[in-house]
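The structure file protein08.csv is reproduced below (CSV, C-alpha atoms).
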```csv
chain,number,residue,atom,x,y,z
A,1,MET,CA,-78.3,7.3,-47.0
A,2,ILE,CA,-80.3,10.0,-48.8
A,3,ILE,CA,-78.8,10.2,-52.3
A,4,ALA,CA,-79.8,13.6,-53.6
A,5,GLY,CA,-78.1,13.2,-57.0
A,6,LEU,CA,-75.9,11.0,-59.2
A,7,GLN,CA,-73.5,11.9,-61.9
A,8,LYS,CA,-73.1,8.6,-63.7
A,9,SER,CA,-69.7,9.3,-65.2
A,10,THR,CA,-66.8,11.8,-64.5
A,11,LEU,CA,-63.2,12.0,-65.4
A,12,ILE,CA,-62.7,15.1,-63.2
A,13,ASP,CA,-64.1,14.5,-59.7
A,14,PHE,CA,-61.8,11.6,-58.8
A,15,PRO,CA,-58.3,12.3,-60.2
A,16,GLY,CA,-56.9,9.4,-62.3
A,17,ARG,CA,-60.1,7.4,-62.2
A,18,ILE,CA,-63.3,6.9,-64.2
A,19,ALA,CA,-65.9,7.4,-61.5
A,20,CYS,CA,-69.4,8.3,-60.7
A,21,THR,CA,-70.3,11.0,-58.2
A,22,VAL,CA,-72.9,10.7,-55.5
A,23,PHE,CA,-74.4,13.8,-53.9
A,24,THR,CA,-75.6,13.5,-50.3
A,25,LEU,CA,-78.1,15.7,-48.6
A,26,GLY,CA,-77.4,18.1,-45.7
A,27,CYS,CA,-74.6,20.5,-44.7
A,28,ASN,CA,-73.6,22.2,-41.5
A,29,PHE,CA,-72.0,25.2,-43.3
A,30,ARG,CA,-73.8,28.0,-45.1
A,31,CYS,CA,-71.2,29.3,-47.4
A,32,PRO,CA,-72.8,32.2,-49.3
A,33,PHE,CA,-71.1,31.2,-52.5
A,34,CYS,CA,-72.1,27.5,-52.3
A,35,HIS,CA,-73.1,26.2,-55.7
A,36,ASN,CA,-75.1,23.3,-54.3
A,37,LYS,CA,-77.7,25.3,-52.3
A,38,ASP,CA,-80.4,22.7,-53.0
A,39,LEU,CA,-78.5,20.1,-51.0
A,40,LEU,CA,-78.1,22.2,-47.8
A,41,ASN,CA,-81.3,20.9,-46.1
A,42,GLN,CA,-84.5,19.1,-46.7
A,43,GLU,CA,-86.5,22.3,-47.2
A,44,LEU,CA,-84.3,23.6,-50.0
A,45,PHE,CA,-84.2,20.1,-51.5
A,46,LYS,CA,-87.9,19.8,-51.6
A,47,LYS,CA,-88.2,23.3,-53.2
A,48,SER,CA,-85.7,22.3,-55.9
A,49,LYS,CA,-88.0,19.4,-57.0
A,50,ILE,CA,-85.0,17.2,-57.6
A,51,LYS,CA,-85.8,13.6,-57.1
A,52,SER,CA,-83.7,11.6,-54.6
A,53,ILE,CA,-82.3,8.2,-55.6
A,54,GLU,CA,-83.1,5.0,-53.7
A,55,GLU,CA,-80.0,3.3,-52.3
A,56,LYS,CA,-81.0,0.0,-53.9
A,57,ASP,CA,-81.3,1.7,-57.3
A,58,PHE,CA,-77.8,3.2,-56.9
A,59,PHE,CA,-76.2,-0.2,-56.1
A,60,ASP,CA,-78.1,-1.8,-59.0
A,61,PHE,CA,-76.4,0.9,-61.1
A,62,LEU,CA,-73.0,0.2,-59.6
A,63,ASN,CA,-73.3,-3.6,-60.1
A,64,LYS,CA,-74.0,-2.9,-63.8
A,65,ARG,CA,-71.1,-0.5,-64.2
A,66,LYS,CA,-68.5,-1.8,-61.8
A,67,LYS,CA,-66.4,-3.2,-64.7
A,68,ILE,CA,-66.3,0.2,-66.3
A,69,LEU,CA,-66.0,2.4,-63.2
A,70,ASP,CA,-62.8,2.6,-61.0
A,71,GLY,CA,-64.5,4.4,-58.2
A,72,VAL,CA,-67.2,6.5,-56.6
A,73,CYS,CA,-66.9,10.1,-55.4
A,74,ILE,CA,-69.1,10.9,-52.4
A,75,THR,CA,-69.8,14.6,-52.1
A,76,GLY,CA,-72.6,16.9,-50.9
A,77,GLY,CA,-73.7,18.7,-49.0
A,78,GLU,CA,-71.5,17.3,-46.3
A,79,PRO,CA,-71.3,13.5,-46.5
A,80,SER,CA,-69.9,13.0,-42.9
A,81,LEU,CA,-73.2,14.2,-41.4
A,82,ASN,CA,-74.8,10.9,-42.6
A,83,LYS,CA,-74.9,8.3,-39.8
A,84,ASP,CA,-74.8,5.4,-42.4
A,85,LEU,CA,-71.8,6.7,-44.3
A,86,LYS,CA,-69.6,4.0,-43.0
A,87,SER,CA,-71.9,1.2,-44.1
A,88,PHE,CA,-72.5,2.9,-47.4
A,89,CYS,CA,-68.8,3.0,-48.1
A,90,GLY,CA,-68.4,-0.6,-47.0
A,91,LYS,CA,-71.0,-1.7,-49.6
A,92,ILE,CA,-69.1,0.3,-52.3
A,93,LYS,CA,-65.8,-1.2,-51.3
A,94,SER,CA,-67.3,-4.7,-51.4
A,95,LEU,CA,-67.7,-4.2,-55.1
A,96,GLY,CA,-64.0,-3.6,-55.6
A,97,LEU,CA,-64.4,0.1,-56.2
A,98,GLU,CA,-62.3,2.9,-54.8
A,99,ILE,CA,-63.9,5.9,-52.9
A,100,LYS,CA,-63.1,9.6,-52.9
A,101,LEU,CA,-64.6,11.6,-50.1
A,102,ASP,CA,-65.3,15.3,-50.3
A,103,THR,CA,-65.6,17.0,-47.0
A,104,ASN,CA,-65.5,20.3,-45.2
A,105,GLY,CA,-63.5,18.8,-42.4
A,106,THR,CA,-66.0,19.4,-39.6
A,107,ASN,CA,-66.2,15.8,-38.4
A,108,PRO,CA,-62.6,14.6,-37.8
A,109,LEU,CA,-63.7,11.5,-35.8
A,110,VAL,CA,-65.8,10.3,-38.7
A,111,LEU,CA,-62.9,11.0,-41.1
A,112,LYS,CA,-60.4,9.2,-38.8
A,113,ASN,CA,-62.7,6.1,-38.5
A,114,LEU,CA,-63.2,5.8,-42.3
A,115,ILE,CA,-59.5,5.9,-42.8
A,116,LYS,CA,-58.8,3.5,-40.0
A,117,LYS,CA,-61.3,1.0,-41.5
A,118,LYS,CA,-59.8,1.5,-45.0
A,119,LEU,CA,-63.1,2.6,-46.4
A,120,ILE,CA,-61.8,5.6,-48.4
A,121,ASP,CA,-58.9,5.9,-50.8
A,122,PHE,CA,-58.8,9.7,-51.5
A,123,VAL,CA,-59.9,12.7,-49.4
A,124,ALA,CA,-60.6,16.2,-50.8
A,125,MET,CA,-61.1,18.8,-48.0
A,126,ASP,CA,-62.3,22.3,-48.7
A,127,ILE,CA,-60.4,25.1,-46.9
A,128,LYS,CA,-62.8,28.0,-46.7
A,129,ALA,CA,-60.7,30.9,-45.5
A,130,SER,CA,-57.8,31.9,-43.3
A,131,PHE,CA,-58.4,30.7,-39.7
A,132,ASN,CA,-59.1,34.2,-38.5
A,133,ASN,CA,-61.8,34.7,-41.2
A,134,TYR,CA,-63.3,31.2,-41.4
A,135,SER,CA,-66.8,32.0,-40.3
A,136,ARG,CA,-67.2,34.7,-43.0
A,137,ALA,CA,-66.7,32.1,-45.7
A,138,ALA,CA,-68.4,29.2,-44.0
A,139,GLY,CA,-71.5,31.3,-43.1
A,140,VAL,CA,-71.5,29.9,-39.5
A,141,LYS,CA,-69.2,29.9,-36.5
A,142,PHE,CA,-67.5,26.6,-36.0
A,143,PRO,CA,-64.7,25.3,-33.7
A,144,LEU,CA,-61.5,25.7,-35.8
A,145,LYS,CA,-59.8,23.0,-33.7
A,146,LYS,CA,-61.9,20.4,-35.6
A,147,ILE,CA,-60.9,21.9,-39.0
A,148,LYS,CA,-57.2,21.8,-38.0
A,149,GLU,CA,-57.6,18.2,-36.7
A,150,SER,CA,-59.1,17.0,-39.9
A,151,ILE,CA,-56.1,18.5,-41.8
A,152,ARG,CA,-53.7,16.7,-39.5
A,153,ILE,CA,-55.6,13.4,-39.9
A,154,ILE,CA,-55.4,13.7,-43.7
A,155,LEU,CA,-51.7,14.5,-43.7
A,156,LYS,CA,-50.9,11.6,-41.4
A,157,SER,CA,-53.2,9.1,-43.3
A,158,GLY,CA,-50.9,8.3,-46.2
A,159,LEU,CA,-53.9,8.5,-48.5
A,160,GLU,CA,-54.1,10.5,-51.7
A,161,TYR,CA,-55.6,13.8,-50.9
A,162,GLU,CA,-56.0,17.4,-51.9
A,163,LEU,CA,-56.8,20.5,-49.8
A,164,ARG,CA,-58.6,23.0,-52.0
A,165,THR,CA,-60.0,26.6,-51.9
A,166,THR,CA,-62.5,28.2,-54.2
A,167,ILE,CA,-61.3,31.8,-54.7
A,168,VAL,CA,-64.3,34.1,-54.4
A,169,PRO,CA,-63.9,37.8,-55.2
A,170,GLY,CA,-64.9,39.8,-52.2
A,171,ILE,CA,-64.0,37.1,-49.8
A,172,HIS,CA,-60.5,36.0,-51.0
A,173,SER,CA,-58.2,38.9,-51.7
A,174,GLN,CA,-54.6,38.2,-52.6
A,175,LYS,CA,-53.6,38.9,-49.0
A,176,GLU,CA,-56.3,36.6,-47.7
A,177,VAL,CA,-55.2,33.6,-49.9
A,178,VAL,CA,-51.6,34.1,-48.8
A,179,ARG,CA,-52.7,34.1,-45.1
A,180,MET,CA,-54.5,30.8,-45.9
A,181,ALA,CA,-51.3,29.4,-47.3
A,182,LEU,CA,-49.4,30.5,-44.2
A,183,ASP,CA,-52.0,28.9,-41.9
A,184,LEU,CA,-51.7,25.6,-43.8
A,185,LYS,CA,-47.9,25.8,-43.9
A,186,LYS,CA,-47.8,26.1,-40.1
A,187,ILE,CA,-49.8,22.8,-39.8
A,188,THR,CA,-47.9,21.0,-42.5
A,189,GLN,CA,-44.6,21.9,-40.9
A,190,GLU,CA,-45.5,19.6,-38.0
A,191,PHE,CA,-45.2,16.7,-40.5
A,192,ASN,CA,-42.4,18.2,-42.7
A,193,LYS,CA,-44.8,18.4,-45.6
A,194,ASP,CA,-45.0,22.1,-46.3
A,195,LYS,CA,-43.0,21.8,-49.5
A,196,SER,CA,-45.1,18.8,-50.8
A,197,LEU,CA,-48.6,19.9,-49.7
A,198,VAL,CA,-51.3,19.2,-52.4
A,199,TYR,CA,-53.1,22.5,-52.4
A,200,ILE,CA,-55.5,23.4,-55.2
A,201,LEU,CA,-56.9,26.9,-55.9
A,202,GLN,CA,-60.2,26.8,-57.8
A,203,SER,CA,-61.9,29.5,-59.7
A,204,PHE,CA,-65.3,30.6,-58.4
A,205,GLN,CA,-68.3,30.2,-60.8
A,206,PRO,CA,-71.5,32.2,-60.0
A,207,GLN,CA,-74.0,29.3,-60.3
A,208,ASN,CA,-76.9,28.3,-58.1
A,209,CYS,CA,-75.4,30.2,-55.1
A,210,PHE,CA,-76.9,30.1,-51.6
A,211,ASP,CA,-76.7,33.9,-51.4
A,212,PRO,CA,-78.2,35.4,-54.6
A,213,HIS,CA,-75.8,38.3,-54.3
A,214,TYR,CA,-73.0,35.9,-55.4
A,215,LEU,CA,-74.8,35.2,-58.7
A,216,LYS,CA,-73.7,38.7,-59.7
A,217,ILE,CA,-70.1,38.3,-58.7
A,218,LYS,CA,-67.7,38.2,-61.6
A,219,PRO,CA,-65.0,35.5,-61.4
A,220,ASN,CA,-61.4,36.5,-61.3
A,221,SER,CA,-59.6,36.7,-64.7
A,222,LEU,CA,-57.1,34.1,-65.5
A,223,LYS,CA,-54.4,36.7,-65.1
A,224,LYS,CA,-55.5,37.6,-61.6
A,225,ASP,CA,-55.7,34.0,-60.5
A,226,LYS,CA,-52.2,33.3,-61.9
A,227,LYS,CA,-51.0,36.3,-59.9
A,228,ILE,CA,-52.5,34.8,-56.7
A,229,LEU,CA,-51.1,31.4,-57.6
A,230,LYS,CA,-47.6,32.9,-57.9
A,231,LEU,CA,-47.8,34.4,-54.5
A,232,VAL,CA,-49.1,31.3,-52.8
A,233,LYS,CA,-46.4,29.1,-54.5
A,234,GLN,CA,-43.9,31.2,-52.6
A,235,VAL,CA,-45.4,29.7,-49.4
A,236,LEU,CA,-46.6,26.3,-50.7
A,237,PRO,CA,-44.5,25.5,-53.8
A,238,LYS,CA,-46.7,22.7,-55.2
A,239,THR,CA,-49.9,24.7,-55.3
A,240,LYS,CA,-51.9,24.4,-58.5
A,241,LEU,CA,-54.7,26.4,-60.2
A,242,ARG,CA,-57.8,24.7,-61.4
A,243,ARG,CA,-60.1,26.5,-63.8
A,244,ASP,CA,-62.8,25.5,-66.2
A,245,ASP,CA,-61.5,27.6,-69.0
```
Could you render the structure as C-alpha cells?
Amino acid sequence: MIIAGLQKSTLIDFPGRIACTVFTLGCNFRCPFCHNKDLLNQELFKKSKIKSIEEKDFFDFLNKRKKILDGVCITGGEPSLNKDLKSFCGKIKSLGLEIKLDTNGTNPLVLKNLIKKKLIDFVAMDIKASFNNYSRAAGVKFPLKKIKESIRIILKSGLEYELRTTIVPGIHSQKEVVRMALDLKKITQEFNKDKSLVYILQSFQPQNCFDPHYLKIKPNSLKKDKKILKLVKQVLPKTKLRRDD
C-alpha cells in the first residue's frame, strides 16, 4: 500500500469516532474540481514533493495510538485500486480499530468482498452527478452499472454509510441536484429505503483543484445551498447539508 498522506487525528472524517485518516495514491476519475489532485497518479504526486509514508511507520503509529483512536478512515485517491487494500484493512482490524472507506464506487466487487470479510465498518461513496451527466463530473466515461451496483451493495450491507455529493457551481445546478436525488430514489426504492437514505450535500471549496479553472469558482452561498437542500429533501427527506462555515 502506498500511503500518500496521514492526518493523525480527526473528529470529522469518521462520524462518531476519533480517527486518523490515511490517503492512498491513484484514482481512475479525473473530476475537474477534485481537491486532492496530487494523489491522482505517480507523476502528480512526485511533482507535489509530498513524502509517502512507509506502511511499517504507519502501523508503528497505530500501535502507539490505538488506545486513543477508535478507527481509521481510508481515503484517496481511490483506495479500491490498491491490490493490497484487503490485507491492509485486515492489519488495521487486528488492532481492534474500526475502518471507514471512502470510495467513488467504481469497484463493486472489491467493496462487496471487504464487506463480506467484515473488514470495513462504514462506507462513504461519492455520487458525482445525475446518471445522464456522470462523465462530465467524473472527467472520464465509466460504466454506470458499476456505480449503481456499488450503491446497491452499500444499501444491502447493513453497515453505516453515507452517499454524498459536492455541489459545484457550473456542474450542479438546482435541477441537476434534484435529478441526482431522483436517480438515487429509484435505486433505494428497490430496498424500501428512499425515505431513510443517508444523503449528504457538501459545499465545494476551490482548493488544489485538478482543473485550475475551478480555483476561480465561487462556492454557493449558504442561502443557495439551503434552497437546494429544501428541494432535495422533497425527494429524499433525510438529506443533510455539510458546510465548513
Given the point (-67.5, 20.0, -42.1) in the file's coordinates, find the residues that have an atom at most 8 Å from it, counting all atoms listed in the file, and give them as a PDB file with C-alpha atoms, in the frame of the given file.
```
ATOM      1  CA  CYS A  27     -74.600  20.500 -44.700  1.00  0.00           C
ATOM      2  CA  ASN A  28     -73.600  22.200 -41.500  1.00  0.00           C
ATOM      3  CA  PHE A  29     -72.000  25.200 -43.300  1.00  0.00           C
ATOM      4  CA  GLU A  78     -71.500  17.300 -46.300  1.00  0.00           C
ATOM      5  CA  SER A  80     -69.900  13.000 -42.900  1.00  0.00           C
ATOM      6  CA  THR A 103     -65.600  17.000 -47.000  1.00  0.00           C
ATOM      7  CA  ASN A 104     -65.500  20.300 -45.200  1.00  0.00           C
ATOM      8  CA  GLY A 105     -63.500  18.800 -42.400  1.00  0.00           C
ATOM      9  CA  THR A 106     -66.000  19.400 -39.600  1.00  0.00           C
ATOM     10  CA  ASN A 107     -66.200  15.800 -38.400  1.00  0.00           C
ATOM     11  CA  ILE A 147     -60.900  21.900 -39.000  1.00  0.00           C
TER      12      ILE A 147
END
```
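Closest approach to Leu25 (chain A) among A:Ile154, A:Leu182, A:Leu144, A:Leu85: A:Leu85, based on only C-alpha atoms.
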Might you pull out every residue within 8 Å of region 90-94 of chain A, with all atoms listed in the file counted and same-chain residues fewer than 4 positions away left off, and present them as a PDB file with C-alpha atoms, in the frame of the given file?
```pdb
ATOM      1  CA  VAL A  72     -67.200   6.500 -56.600  1.00  0.00           C
ATOM      2  CA  LYS A  86     -69.600   4.000 -43.000  1.00  0.00           C
ATOM      3  CA  GLU A  98     -62.300   2.900 -54.800  1.00  0.00           C
ATOM      4  CA  ILE A  99     -63.900   5.900 -52.900  1.00  0.00           C
ATOM      5  CA  LEU A 119     -63.100   2.600 -46.400  1.00  0.00           C
TER       6      LEU A 119
END
```
Mind checking which residues fall within 12 Å of Asp13 (chain A), counting all atoms listed in the file, ignoring those fewer than 5 positions away in the same chain, and posting them as a ChimeraX atom specification?
/A:7-8,18-23,71-75,99-102,122-124,162
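Across the structure, CA of Thr188 (chain A) and CA of Leu222 (chain A) are spaced 28.0 Å apart.
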Nearest residue to Pro79 (chain A) out of A:Thr165, A:Gly26, A:Gln205, A:Phe61, using all atoms listed in the file?
A:Gly26
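When all atoms listed in the file are used to measure the gap to Pro32 (chain A), the shortest distance among A:Lys128, A:Glu176, A:Val198, A:Gln234 belongs to A:Lys128.
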Using all atoms listed in the file: which of A:Met1, A:Leu241, A:Leu155, A:Leu11 has the shortest distance to Gly76 (chain A):
A:Met1
Shortest interatomic distance to Asp225 (chain A) - which of A:His35, A:His172, A:Lys146, A:Lys195, counting all atoms listed in the file
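Of A:His35, A:His172, A:Lys146, A:Lys195, the one nearest Asp225 (chain A) is A:His172, counting all atoms listed in the file.
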May I have the residues within 6 Å of Tyr199 (chain A) as a list in words, using all atoms listed in the file and disregarding those fewer than 3 positions away in the same chain?
Glu162, Leu163, Arg164 and Thr239 of chain A
Rounded to one decimal, what separation in Å do you get between CA of Leu40 (chain A) and CA of Ala137 (chain A)?
15.2 Å
One decimal, Å: what's the distance from CA of Lys66 (chain A) over to CA of Lys116 (chain A), could you say?
24.4 Å
When you count only C-alpha atoms, which of these residues is closest to Phe33 (chain A): A:Ala181, A:Ile171, A:Leu97, A:Val110?
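Comparing A:Ala181, A:Ile171, A:Leu97, A:Val110 against Phe33 (chain A), the winner is A:Ile171.
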